[in-house]
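Before any comments, here is the structure.
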Amino acid sequence: MNYEDILIEPVLTEKANMLREQNKYTFKVLPSADKIQIKEAVRRLFNVKVLSCTVMNVRGKEKRVRGKLGKTAAWKKAIVKLAPGETIKVFEGA
């Protein structure tokens with residue numbers, strides 16, 4: 001499995017920005033990826049030291065579109081904690 005395929009995109013929400021102050025970064029990841037693969041992908045792609053990884057499945061929400069009931073897609077979220085002093089440049093806007 002390719003490391004670029006594991007991390008789909010960074011999650012840029014208000015809560016994710018607050019977690020960055022604690023040196024935690026949030027990613028949308030491949031549903032089949034496990035914690036070890038996610039930690040290794042972040043370590044290799046961003047050249048940082050990863051301390052821990054928390055993974056959760058986000059359920060799709062029910063939405064109404066033109067009166068019909070639909071559902072948004074479910075996805076997997078990973079919160080990665082880095083060693084003190086480490087940062088990921090993509091999130092910092094550099």
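Residues are named by chain letter and number: chains run A, B, ... in the order of the structure tokens, numbers start at 1 in each chain, and ligands are numbered from 1 in the order shown.
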Would you mind listing what lies within 9 Å of segment 17-29 of chain A as a VMD selection string, with only C-alpha atoms counted and same-chain residues fewer than 4 positions away left out?
-> chain A and resid 5 to 13 33 38 75 to 88 91
Mind checking DSSP for segment 23-91 of chain A and telling me the alpha helix (DSSP H) residues as a ChimeraX atom specification?
-> /A:35-46,89-91
Could the residues in this selection be written to a file with N, CA, C and O atoms, as a short mmCIF file (atom, residue, chain, number, x, y, z; two decimals), in the first residue's frame?
```cif
data_model
loop_
_atom_site.label_atom_id
_atom_site.label_comp_id
_atom_site.auth_asym_id
_atom_site.auth_seq_id
_atom_site.Cartn_x
_atom_site.Cartn_y
_atom_site.Cartn_z
N LYS A 35 -4.07 1.96 12.73
CA LYS A 35 -3.27 2.97 13.42
C LYS A 35 -1.79 2.91 13.03
O LYS A 35 -1.16 3.95 12.84
N ILE A 36 -1.26 1.72 12.92
CA ILE A 36 0.17 1.57 12.61
C ILE A 36 0.47 2.12 11.21
O ILE A 36 1.46 2.82 11.00
N GLN A 37 -0.39 1.81 10.25
CA GLN A 37 -0.19 2.32 8.88
C GLN A 37 -0.32 3.84 8.83
O GLN A 37 0.44 4.51 8.14
N ILE A 38 -1.26 4.41 9.58
CA ILE A 38 -1.46 5.85 9.59
C ILE A 38 -0.25 6.55 10.22
O ILE A 38 0.26 7.54 9.68
N LYS A 39 0.25 6.03 11.35
CA LYS A 39 1.43 6.61 11.99
C LYS A 39 2.63 6.58 11.06
O LYS A 39 3.36 7.55 10.94
N GLU A 40 2.83 5.46 10.38
CA GLU A 40 3.96 5.33 9.46
C GLU A 40 3.82 6.27 8.27
O GLU A 40 4.80 6.86 7.81
N ALA A 41 2.59 6.44 7.76
CA ALA A 41 2.37 7.34 6.62
C ALA A 41 2.67 8.78 7.00
O ALA A 41 3.33 9.50 6.25
N VAL A 42 2.21 9.22 8.17
CA VAL A 42 2.48 10.60 8.62
C VAL A 42 3.97 10.79 8.85
O VAL A 42 4.56 11.81 8.46
N ARG A 43 4.61 9.80 9.46
CA ARG A 43 6.06 9.89 9.72
C ARG A 43 6.86 10.03 8.43
O ARG A 43 7.74 10.87 8.31
N ARG A 44 6.52 9.21 7.44
CA ARG A 44 7.29 9.23 6.19
C ARG A 44 6.96 10.42 5.30
O ARG A 44 7.85 10.99 4.68
N LEU A 45 5.68 10.81 5.22
CA LEU A 45 5.29 11.89 4.31
C LEU A 45 5.71 13.26 4.82
O LEU A 45 6.10 14.13 4.04
N PHE A 46 5.63 13.48 6.14
CA PHE A 46 5.91 14.81 6.70
C PHE A 46 7.21 14.87 7.48
O PHE A 46 7.57 15.93 7.99
N LYS A 89 3.93 21.40 8.04
CA LYS A 89 3.91 22.68 7.32
C LYS A 89 2.61 22.92 6.56
O LYS A 89 2.19 24.04 6.39
N VAL A 90 1.95 21.84 6.10
CA VAL A 90 0.71 21.98 5.31
C VAL A 90 -0.35 22.69 6.13
O VAL A 90 -1.07 23.55 5.62
N PHE A 91 -0.44 22.40 7.42
CA PHE A 91 -1.44 23.01 8.29
C PHE A 91 -1.08 24.45 8.65
O PHE A 91 -1.95 25.26 8.91
#
```
Every residue of chain A that DSSP places in strand (DSSP E), as a VMD selection string = chain A and resid 7 to 10 24 to 29 50 to 58 62 to 65 68 to 71 75 to 82
Please provide as a list in words all residues within 8 Å of Lys71 of chain A, with the sequence filter that same-chain residues fewer than 6 positions apart are discarded (counting only C-alpha atoms).
->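 Selected residues are Gly60, Lys61, Glu62 and Lys63 of chain A.
In this structure, atom CA of Lys15 of chain A sits 24.4 Å away from atom CA of Asn47 of chain A.
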So how far away is atom CA of Ala74 of chain A from atom CA of Val50 of chain A, in Å?
->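 Computing the Euclidean distance for atom CA of Val50 of chain A and atom CA of Ala74 of chain A yields 25.9 Å.
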